[in-house]
$ cat start_35.txt   # compact mmCIF, all heavy atoms
# COMPACT_ATOMS: atom_id res chain seq x y z
N MET A 1 4.87 9.29 -18.05
CA MET A 1 3.97 10.19 -18.74
C MET A 1 4.73 11.46 -19.07
O MET A 1 5.42 12.03 -18.24
CB MET A 1 2.78 10.50 -17.82
CG MET A 1 1.85 11.49 -18.42
SD MET A 1 0.44 12.02 -17.41
CE MET A 1 0.26 10.83 -16.16
N ASP A 2 4.59 11.88 -20.32
CA ASP A 2 5.25 13.10 -20.76
C ASP A 2 4.19 14.07 -21.24
O ASP A 2 3.52 13.83 -22.24
CB ASP A 2 6.23 12.78 -21.88
CG ASP A 2 6.99 14.00 -22.36
OD1 ASP A 2 7.08 14.99 -21.61
OD2 ASP A 2 7.50 13.96 -23.49
N ILE A 3 4.01 15.15 -20.51
CA ILE A 3 3.03 16.17 -20.87
C ILE A 3 3.80 17.45 -21.15
O ILE A 3 4.58 17.91 -20.32
CB ILE A 3 2.02 16.40 -19.73
CG1 ILE A 3 1.27 15.11 -19.43
CG2 ILE A 3 1.06 17.52 -20.08
CD1 ILE A 3 0.39 15.18 -18.20
N HIS A 4 3.58 18.01 -22.33
CA HIS A 4 4.29 19.23 -22.69
C HIS A 4 3.32 20.27 -23.22
O HIS A 4 2.46 19.96 -24.04
CB HIS A 4 5.37 18.96 -23.74
CG HIS A 4 6.05 20.20 -24.19
ND1 HIS A 4 7.00 20.83 -23.42
CD2 HIS A 4 5.92 20.95 -25.29
CE1 HIS A 4 7.43 21.91 -24.06
NE2 HIS A 4 6.78 22.01 -25.21
N SER A 5 3.44 21.48 -22.77
CA SER A 5 2.62 22.58 -23.25
C SER A 5 3.37 23.89 -23.05
O SER A 5 3.97 24.11 -22.02
CB SER A 5 1.29 22.64 -22.49
OG SER A 5 0.58 23.81 -22.83
N ASP A 6 3.31 24.74 -24.06
CA ASP A 6 3.91 26.06 -23.93
C ASP A 6 2.96 27.03 -23.23
O ASP A 6 3.37 28.10 -22.80
CB ASP A 6 4.27 26.62 -25.31
CG ASP A 6 5.40 25.84 -25.95
OD1 ASP A 6 6.25 25.30 -25.21
OD2 ASP A 6 5.42 25.76 -27.19
N SER A 7 1.68 26.64 -23.13
CA SER A 7 0.67 27.53 -22.56
C SER A 7 0.48 27.32 -21.07
O SER A 7 -0.09 28.18 -20.41
CB SER A 7 -0.66 27.31 -23.27
OG SER A 7 -0.55 27.60 -24.64
N TYR A 8 0.92 26.18 -20.56
CA TYR A 8 0.71 25.86 -19.15
C TYR A 8 1.99 25.32 -18.53
O TYR A 8 2.82 24.75 -19.22
CB TYR A 8 -0.40 24.82 -18.97
CG TYR A 8 -1.75 25.34 -19.36
CD1 TYR A 8 -2.21 25.22 -20.66
CD2 TYR A 8 -2.57 25.96 -18.44
CE1 TYR A 8 -3.46 25.71 -21.03
CE2 TYR A 8 -3.82 26.44 -18.78
CZ TYR A 8 -4.25 26.32 -20.09
OH TYR A 8 -5.48 26.80 -20.44
N LYS A 9 2.11 25.49 -17.22
CA LYS A 9 3.20 24.87 -16.48
C LYS A 9 2.62 24.31 -15.18
O LYS A 9 1.53 24.70 -14.75
CB LYS A 9 4.31 25.88 -16.17
CG LYS A 9 3.87 27.01 -15.25
CD LYS A 9 5.01 27.97 -14.99
CE LYS A 9 4.53 29.09 -14.07
NZ LYS A 9 5.57 30.03 -13.73
N ILE A 10 3.33 23.38 -14.58
CA ILE A 10 2.86 22.81 -13.32
C ILE A 10 2.84 23.91 -12.27
O ILE A 10 3.81 24.65 -12.11
CB ILE A 10 3.74 21.63 -12.88
CG1 ILE A 10 3.58 20.49 -13.88
CG2 ILE A 10 3.38 21.17 -11.48
CD1 ILE A 10 4.44 19.29 -13.62
N ALA A 11 1.72 24.03 -11.58
CA ALA A 11 1.55 25.09 -10.59
C ALA A 11 2.39 24.81 -9.35
O ALA A 11 2.42 23.70 -8.84
CB ALA A 11 0.07 25.20 -10.20
N ALA A 12 3.07 25.82 -8.88
CA ALA A 12 3.86 25.73 -7.64
C ALA A 12 2.93 26.01 -6.47
O ALA A 12 2.49 27.14 -6.28
CB ALA A 12 5.00 26.72 -7.67
N LEU A 13 2.60 24.99 -5.70
CA LEU A 13 1.64 25.14 -4.61
C LEU A 13 2.24 24.87 -3.24
O LEU A 13 1.51 24.75 -2.27
CB LEU A 13 0.45 24.20 -4.84
CG LEU A 13 -0.35 24.42 -6.11
CD1 LEU A 13 -1.41 23.35 -6.26
CD2 LEU A 13 -0.98 25.80 -6.12
N SER A 14 3.56 24.80 -3.15
CA SER A 14 4.18 24.45 -1.87
C SER A 14 3.84 25.44 -0.76
O SER A 14 3.78 25.08 0.41
CB SER A 14 5.70 24.33 -2.02
OG SER A 14 6.24 25.54 -2.50
N ASP A 15 3.58 26.68 -1.13
CA ASP A 15 3.23 27.68 -0.12
C ASP A 15 1.72 27.87 0.01
O ASP A 15 1.26 28.75 0.73
CB ASP A 15 3.90 29.02 -0.43
CG ASP A 15 3.47 29.60 -1.76
OD1 ASP A 15 3.00 28.82 -2.62
OD2 ASP A 15 3.60 30.81 -1.95
N ARG A 16 0.94 27.03 -0.66
CA ARG A 16 -0.52 27.12 -0.62
C ARG A 16 -1.10 25.82 -0.05
O ARG A 16 -1.66 25.00 -0.75
CB ARG A 16 -1.08 27.36 -2.03
CG ARG A 16 -0.68 28.67 -2.66
CD ARG A 16 -1.25 29.89 -1.93
NE ARG A 16 -2.64 29.77 -1.58
CZ ARG A 16 -3.66 30.23 -2.27
NH1 ARG A 16 -3.43 30.88 -3.38
NH2 ARG A 16 -4.89 30.08 -1.85
N LYS A 17 -0.91 25.63 1.24
CA LYS A 17 -1.34 24.40 1.88
C LYS A 17 -2.84 24.15 1.73
O LYS A 17 -3.27 23.01 1.63
CB LYS A 17 -0.93 24.40 3.34
CG LYS A 17 0.59 24.45 3.49
CD LYS A 17 1.03 23.94 4.83
CE LYS A 17 2.52 24.10 5.02
NZ LYS A 17 3.35 23.40 4.09
N ASP A 18 -3.64 25.22 1.69
CA ASP A 18 -5.08 25.07 1.51
C ASP A 18 -5.40 24.47 0.15
O ASP A 18 -6.24 23.57 0.03
CB ASP A 18 -5.80 26.39 1.71
CG ASP A 18 -5.26 27.53 0.83
OD1 ASP A 18 -4.11 27.44 0.36
OD2 ASP A 18 -5.99 28.51 0.64
N ALA A 19 -4.71 24.92 -0.89
CA ALA A 19 -4.93 24.38 -2.24
C ALA A 19 -4.49 22.93 -2.33
O ALA A 19 -5.16 22.10 -2.93
CB ALA A 19 -4.17 25.23 -3.26
N VAL A 20 -3.36 22.62 -1.72
CA VAL A 20 -2.86 21.24 -1.71
C VAL A 20 -3.86 20.32 -1.01
O VAL A 20 -4.14 19.21 -1.48
CB VAL A 20 -1.47 21.16 -1.06
CG1 VAL A 20 -1.02 19.71 -0.90
CG2 VAL A 20 -0.45 21.94 -1.87
N GLU A 21 -4.43 20.76 0.08
CA GLU A 21 -5.41 19.95 0.81
C GLU A 21 -6.66 19.70 -0.02
O GLU A 21 -7.20 18.60 -0.02
CB GLU A 21 -5.78 20.61 2.15
CG GLU A 21 -6.71 19.78 2.99
CD GLU A 21 -6.20 18.37 3.29
OE1 GLU A 21 -4.97 18.16 3.39
OE2 GLU A 21 -7.04 17.46 3.43
N VAL A 22 -7.13 20.69 -0.75
CA VAL A 22 -8.30 20.52 -1.62
C VAL A 22 -7.99 19.47 -2.68
O VAL A 22 -8.83 18.60 -2.98
CB VAL A 22 -8.70 21.86 -2.27
CG1 VAL A 22 -9.71 21.65 -3.39
CG2 VAL A 22 -9.25 22.81 -1.23
N ILE A 23 -6.80 19.52 -3.26
CA ILE A 23 -6.41 18.54 -4.27
C ILE A 23 -6.34 17.14 -3.66
O ILE A 23 -6.81 16.17 -4.25
CB ILE A 23 -5.07 18.94 -4.94
CG1 ILE A 23 -5.28 20.22 -5.76
CG2 ILE A 23 -4.53 17.81 -5.81
CD1 ILE A 23 -4.02 20.86 -6.26
N ARG A 24 -5.77 17.01 -2.48
CA ARG A 24 -5.71 15.70 -1.81
C ARG A 24 -7.10 15.14 -1.57
O ARG A 24 -7.36 13.95 -1.77
CB ARG A 24 -4.96 15.82 -0.48
CG ARG A 24 -3.48 15.91 -0.64
CD ARG A 24 -2.78 15.78 0.70
NE ARG A 24 -1.37 15.98 0.53
CZ ARG A 24 -0.63 16.81 1.24
NH1 ARG A 24 -1.17 17.50 2.22
NH2 ARG A 24 0.65 16.94 1.01
N GLN A 25 -8.02 15.99 -1.12
CA GLN A 25 -9.39 15.54 -0.88
C GLN A 25 -10.05 15.10 -2.18
O GLN A 25 -10.78 14.10 -2.21
CB GLN A 25 -10.20 16.64 -0.20
CG GLN A 25 -9.77 16.90 1.22
CD GLN A 25 -10.46 18.12 1.83
OE1 GLN A 25 -11.32 18.74 1.22
NE2 GLN A 25 -10.06 18.47 3.04
N ALA A 26 -9.81 15.84 -3.25
CA ALA A 26 -10.37 15.47 -4.55
C ALA A 26 -9.80 14.14 -5.03
O ALA A 26 -10.53 13.30 -5.57
CB ALA A 26 -10.10 16.57 -5.57
N GLU A 27 -8.50 13.93 -4.85
CA GLU A 27 -7.88 12.65 -5.22
C GLU A 27 -8.54 11.49 -4.48
O GLU A 27 -8.86 10.46 -5.09
CB GLU A 27 -6.38 12.67 -4.92
CG GLU A 27 -5.58 13.57 -5.84
CD GLU A 27 -4.14 13.72 -5.43
OE1 GLU A 27 -3.81 13.54 -4.23
OE2 GLU A 27 -3.32 14.03 -6.30
N GLU A 28 -8.74 11.66 -3.19
CA GLU A 28 -9.36 10.61 -2.38
C GLU A 28 -10.78 10.34 -2.84
O GLU A 28 -11.20 9.18 -2.96
CB GLU A 28 -9.36 11.00 -0.90
CG GLU A 28 -7.98 11.00 -0.29
CD GLU A 28 -7.98 11.56 1.13
OE1 GLU A 28 -9.06 11.86 1.68
OE2 GLU A 28 -6.87 11.71 1.69
N ALA A 29 -11.55 11.39 -3.11
CA ALA A 29 -12.93 11.23 -3.54
C ALA A 29 -13.02 10.54 -4.90
O ALA A 29 -13.83 9.63 -5.10
CB ALA A 29 -13.63 12.59 -3.60
N ILE A 30 -12.17 10.94 -5.84
CA ILE A 30 -12.18 10.31 -7.16
C ILE A 30 -11.77 8.85 -7.06
O ILE A 30 -12.37 7.98 -7.71
CB ILE A 30 -11.27 11.09 -8.14
CG1 ILE A 30 -11.88 12.47 -8.41
CG2 ILE A 30 -11.06 10.31 -9.43
CD1 ILE A 30 -10.95 13.43 -9.13
N ALA A 31 -10.77 8.55 -6.26
CA ALA A 31 -10.35 7.16 -6.07
C ALA A 31 -11.49 6.33 -5.50
O ALA A 31 -11.75 5.21 -5.95
CB ALA A 31 -9.12 7.10 -5.15
N ARG A 32 -12.20 6.87 -4.54
CA ARG A 32 -13.31 6.17 -3.91
C ARG A 32 -14.44 5.93 -4.93
O ARG A 32 -14.96 4.83 -5.05
CB ARG A 32 -13.81 6.96 -2.71
CG ARG A 32 -14.81 6.27 -1.85
CD ARG A 32 -15.13 7.02 -0.56
NE ARG A 32 -15.49 8.43 -0.77
CZ ARG A 32 -14.71 9.47 -0.50
NH1 ARG A 32 -13.50 9.30 0.01
NH2 ARG A 32 -15.11 10.71 -0.72
N ILE A 33 -14.79 6.95 -5.69
CA ILE A 33 -15.89 6.86 -6.65
C ILE A 33 -15.57 5.88 -7.78
O ILE A 33 -16.43 5.11 -8.21
CB ILE A 33 -16.20 8.26 -7.24
CG1 ILE A 33 -16.83 9.14 -6.16
CG2 ILE A 33 -17.11 8.17 -8.45
CD1 ILE A 33 -16.88 10.62 -6.53
N THR A 34 -14.33 5.91 -8.25
CA THR A 34 -13.95 5.07 -9.39
C THR A 34 -13.50 3.67 -8.99
O THR A 34 -13.39 2.80 -9.84
CB THR A 34 -12.81 5.72 -10.20
OG1 THR A 34 -11.65 5.85 -9.36
CG2 THR A 34 -13.22 7.06 -10.75
N GLY A 35 -13.22 3.50 -7.71
CA GLY A 35 -12.73 2.21 -7.25
C GLY A 35 -11.25 2.01 -7.51
O GLY A 35 -10.72 0.92 -7.31
N ASN A 36 -10.58 3.07 -7.96
CA ASN A 36 -9.13 2.98 -8.17
C ASN A 36 -8.42 3.09 -6.83
O ASN A 36 -8.87 3.78 -5.93
CB ASN A 36 -8.64 4.11 -9.08
CG ASN A 36 -9.06 3.92 -10.51
OD1 ASN A 36 -9.17 2.79 -10.98
ND2 ASN A 36 -9.30 5.00 -11.20
N LYS A 37 -7.30 2.38 -6.74
CA LYS A 37 -6.53 2.39 -5.50
C LYS A 37 -5.96 3.77 -5.20
O LYS A 37 -5.97 4.23 -4.07
CB LYS A 37 -5.41 1.36 -5.64
CG LYS A 37 -4.69 1.01 -4.40
CD LYS A 37 -3.70 -0.10 -4.72
CE LYS A 37 -3.10 -0.68 -3.49
NZ LYS A 37 -2.13 -1.73 -3.81
N GLU A 38 -5.47 4.43 -6.26
CA GLU A 38 -4.82 5.72 -6.07
C GLU A 38 -5.06 6.59 -7.29
O GLU A 38 -5.02 6.12 -8.42
CB GLU A 38 -3.32 5.51 -5.87
CG GLU A 38 -2.58 6.73 -5.43
CD GLU A 38 -1.13 6.40 -5.08
OE1 GLU A 38 -0.90 5.51 -4.27
OE2 GLU A 38 -0.26 7.07 -5.65
N VAL A 39 -5.32 7.86 -7.07
CA VAL A 39 -5.52 8.84 -8.14
C VAL A 39 -4.59 10.01 -7.86
O VAL A 39 -4.47 10.46 -6.72
CB VAL A 39 -6.98 9.32 -8.19
CG1 VAL A 39 -7.15 10.47 -9.16
CG2 VAL A 39 -7.91 8.18 -8.54
N THR A 40 -3.95 10.52 -8.91
CA THR A 40 -3.08 11.69 -8.77
C THR A 40 -3.59 12.79 -9.69
O THR A 40 -3.75 12.57 -10.88
CB THR A 40 -1.62 11.34 -9.14
OG1 THR A 40 -1.17 10.31 -8.27
CG2 THR A 40 -0.72 12.56 -9.01
N LEU A 41 -3.85 13.95 -9.11
CA LEU A 41 -4.24 15.11 -9.89
C LEU A 41 -3.03 16.04 -10.01
O LEU A 41 -2.24 16.14 -9.08
CB LEU A 41 -5.39 15.86 -9.21
CG LEU A 41 -6.69 15.07 -9.05
CD1 LEU A 41 -7.71 15.92 -8.30
CD2 LEU A 41 -7.23 14.65 -10.39
N ILE A 42 -2.91 16.68 -11.14
CA ILE A 42 -1.81 17.60 -11.39
C ILE A 42 -2.39 18.99 -11.62
O ILE A 42 -3.27 19.16 -12.46
CB ILE A 42 -0.97 17.17 -12.61
CG1 ILE A 42 -0.43 15.75 -12.40
CG2 ILE A 42 0.16 18.16 -12.87
CD1 ILE A 42 0.19 15.14 -13.63
N ALA A 43 -1.91 19.98 -10.89
CA ALA A 43 -2.40 21.35 -11.04
C ALA A 43 -1.50 22.10 -12.02
O ALA A 43 -0.28 22.12 -11.87
CB ALA A 43 -2.40 22.05 -9.68
N TYR A 44 -2.14 22.71 -13.00
CA TYR A 44 -1.42 23.53 -13.98
C TYR A 44 -1.85 24.97 -13.84
O TYR A 44 -2.95 25.27 -13.39
CB TYR A 44 -1.76 23.07 -15.41
CG TYR A 44 -1.09 21.79 -15.81
CD1 TYR A 44 -1.72 20.57 -15.66
CD2 TYR A 44 0.20 21.79 -16.34
CE1 TYR A 44 -1.11 19.39 -16.04
CE2 TYR A 44 0.82 20.62 -16.72
CZ TYR A 44 0.17 19.42 -16.57
OH TYR A 44 0.77 18.26 -16.93
N GLU A 45 -0.97 25.86 -14.24
CA GLU A 45 -1.32 27.27 -14.31
C GLU A 45 -0.91 27.81 -15.67
O GLU A 45 0.03 27.31 -16.28
CB GLU A 45 -0.65 28.07 -13.19
CG GLU A 45 0.86 28.07 -13.22
CD GLU A 45 1.47 28.78 -12.03
OE1 GLU A 45 0.73 29.32 -11.20
OE2 GLU A 45 2.69 28.79 -11.92
N LYS A 46 -1.64 28.78 -16.15
CA LYS A 46 -1.39 29.38 -17.45
C LYS A 46 -0.07 30.15 -17.40
O LYS A 46 0.23 30.81 -16.44
CB LYS A 46 -2.53 30.34 -17.78
CG LYS A 46 -2.59 30.72 -19.21
CD LYS A 46 -3.82 30.07 -19.81
CE LYS A 46 -4.12 30.65 -21.17
NZ LYS A 46 -3.97 29.73 -22.23
N THR A 47 0.70 30.03 -18.46
CA THR A 47 1.96 30.78 -18.57
C THR A 47 1.71 32.07 -19.33
O THR A 47 0.66 32.25 -19.94
CB THR A 47 3.05 29.98 -19.29
OG1 THR A 47 2.61 29.74 -20.62
CG2 THR A 47 3.36 28.68 -18.59
N ASP A 48 2.68 32.94 -19.31
CA ASP A 48 2.56 34.20 -20.04
C ASP A 48 2.89 34.07 -21.51
O ASP A 48 2.58 34.94 -22.31
CB ASP A 48 3.48 35.26 -19.42
CG ASP A 48 3.04 35.65 -18.02
OD1 ASP A 48 1.84 35.56 -17.74
OD2 ASP A 48 3.90 36.04 -17.21
N SER A 49 3.54 32.96 -21.89
CA SER A 49 3.94 32.81 -23.28
C SER A 49 2.75 32.41 -24.14
O SER A 49 1.93 31.59 -23.74
CB SER A 49 5.05 31.75 -23.38
OG SER A 49 4.55 30.50 -22.99
N PRO A 50 2.64 33.00 -25.32
CA PRO A 50 1.54 32.66 -26.21
C PRO A 50 1.70 31.25 -26.80
O PRO A 50 2.83 30.79 -26.97
CB PRO A 50 1.62 33.72 -27.31
CG PRO A 50 3.04 34.16 -27.28
CD PRO A 50 3.51 34.00 -25.86
N ALA A 51 0.59 30.61 -27.07
CA ALA A 51 0.62 29.28 -27.67
C ALA A 51 1.09 29.38 -29.11
O ALA A 51 0.78 30.32 -29.83
CB ALA A 51 -0.76 28.65 -27.61
N ILE A 52 1.87 28.40 -29.54
CA ILE A 52 2.36 28.34 -30.92
C ILE A 52 1.47 27.35 -31.66
O ILE A 52 1.36 26.19 -31.29
CB ILE A 52 3.84 27.88 -30.96
CG1 ILE A 52 4.70 28.87 -30.20
CG2 ILE A 52 4.29 27.74 -32.41
CD1 ILE A 52 6.13 28.42 -30.03
N ASN A 53 0.84 27.81 -32.71
CA ASN A 53 -0.07 26.93 -33.49
C ASN A 53 0.58 26.50 -34.77
O ASN A 53 1.20 27.12 -35.47
CB ASN A 53 -1.39 27.65 -33.80
CG ASN A 53 -2.18 27.88 -32.52
OD1 ASN A 53 -2.12 27.07 -31.61
ND2 ASN A 53 -2.89 28.99 -32.48
$ encode --input "start_35.txt" --output "structure tokens"
Amino acid sequence: MDIHSDSYKIAALSDRKDAVEVIRQAEEAIARITGNKEVTLIAYEKTDSPAIN
């Protein structure tokens, strides 16, 4: 999968264990609800660079 955006970047959450745990719980819940074996969520954060239209 190739996702590219000038407006967002993947959020660095290595020092935010609470945020990572919330995402893990959401992945598990979505997998359970949808019946999928595994679900991966990706956290993005807004960048300072303006979007190019």
$ residues_around --input "start_35.txt" --residues "Arg24 (chain A)" --least-positions-apart "3" --cutoff "12 Å" --atoms "only C-alpha atoms" --output "VMD selection string"
chain A and resid 17 to 21 27 to 31 38 to 43
$ atom_distance --input "start_35.txt" --atom1 "CB of Gln25 (chain A)" --atom2 "CA of Asp2 (chain A)"
26.0 Å
$ atom_distance --input "start_35.txt" --atom1 "NH2 of Arg32 (chain A)" --atom2 "atom O of Arg16 (chain A)"
19.6 Å
$ select_by_dssp --input "start_35.txt" --residues "chain A" --states "strand (DSSP E or B)" --output "PyMOL selection string"
chain A and resi 8-10+44-46
$ axis_aligned_box --input "start_35.txt" --around "region 25-34 of chain A" --padding-each-side "4 Å" --output "JSON"
{"center_x": -10.2, "center_y": 10.8, "center_z": -3.9, "size_x": 21.8, "size_y": 23.9, "size_z": 21.8}
$ select_by_dssp --input "start_35.txt" --residues "chain A" --states "helix (DSSP H, G or I)" --output "list of chain:residue names"
A:Lys17, A:Asp18, A:Ala19, A:Val20, A:Glu21, A:Val22, A:Ile23, A:Arg24, A:Gln25, A:Ala26, A:Glu27, A:Glu28, A:Ala29, A:Ile30, A:Ala31, A:Arg32, A:Ile33, A:Thr34
$ atom_distance --input "start_35.txt" --atom1 "atom C of Lys37 (chain A)" --atom2 "CB of Lys9 (chain A)"
26.7 Å
$ residues_near_point --input "start_35.txt" --point "(-2.7, 25.6, -15.8)" --cutoff "9 Å" --atoms "only C-alpha atoms" --output "ChimeraX atom specification"
/A:7-11,43-47
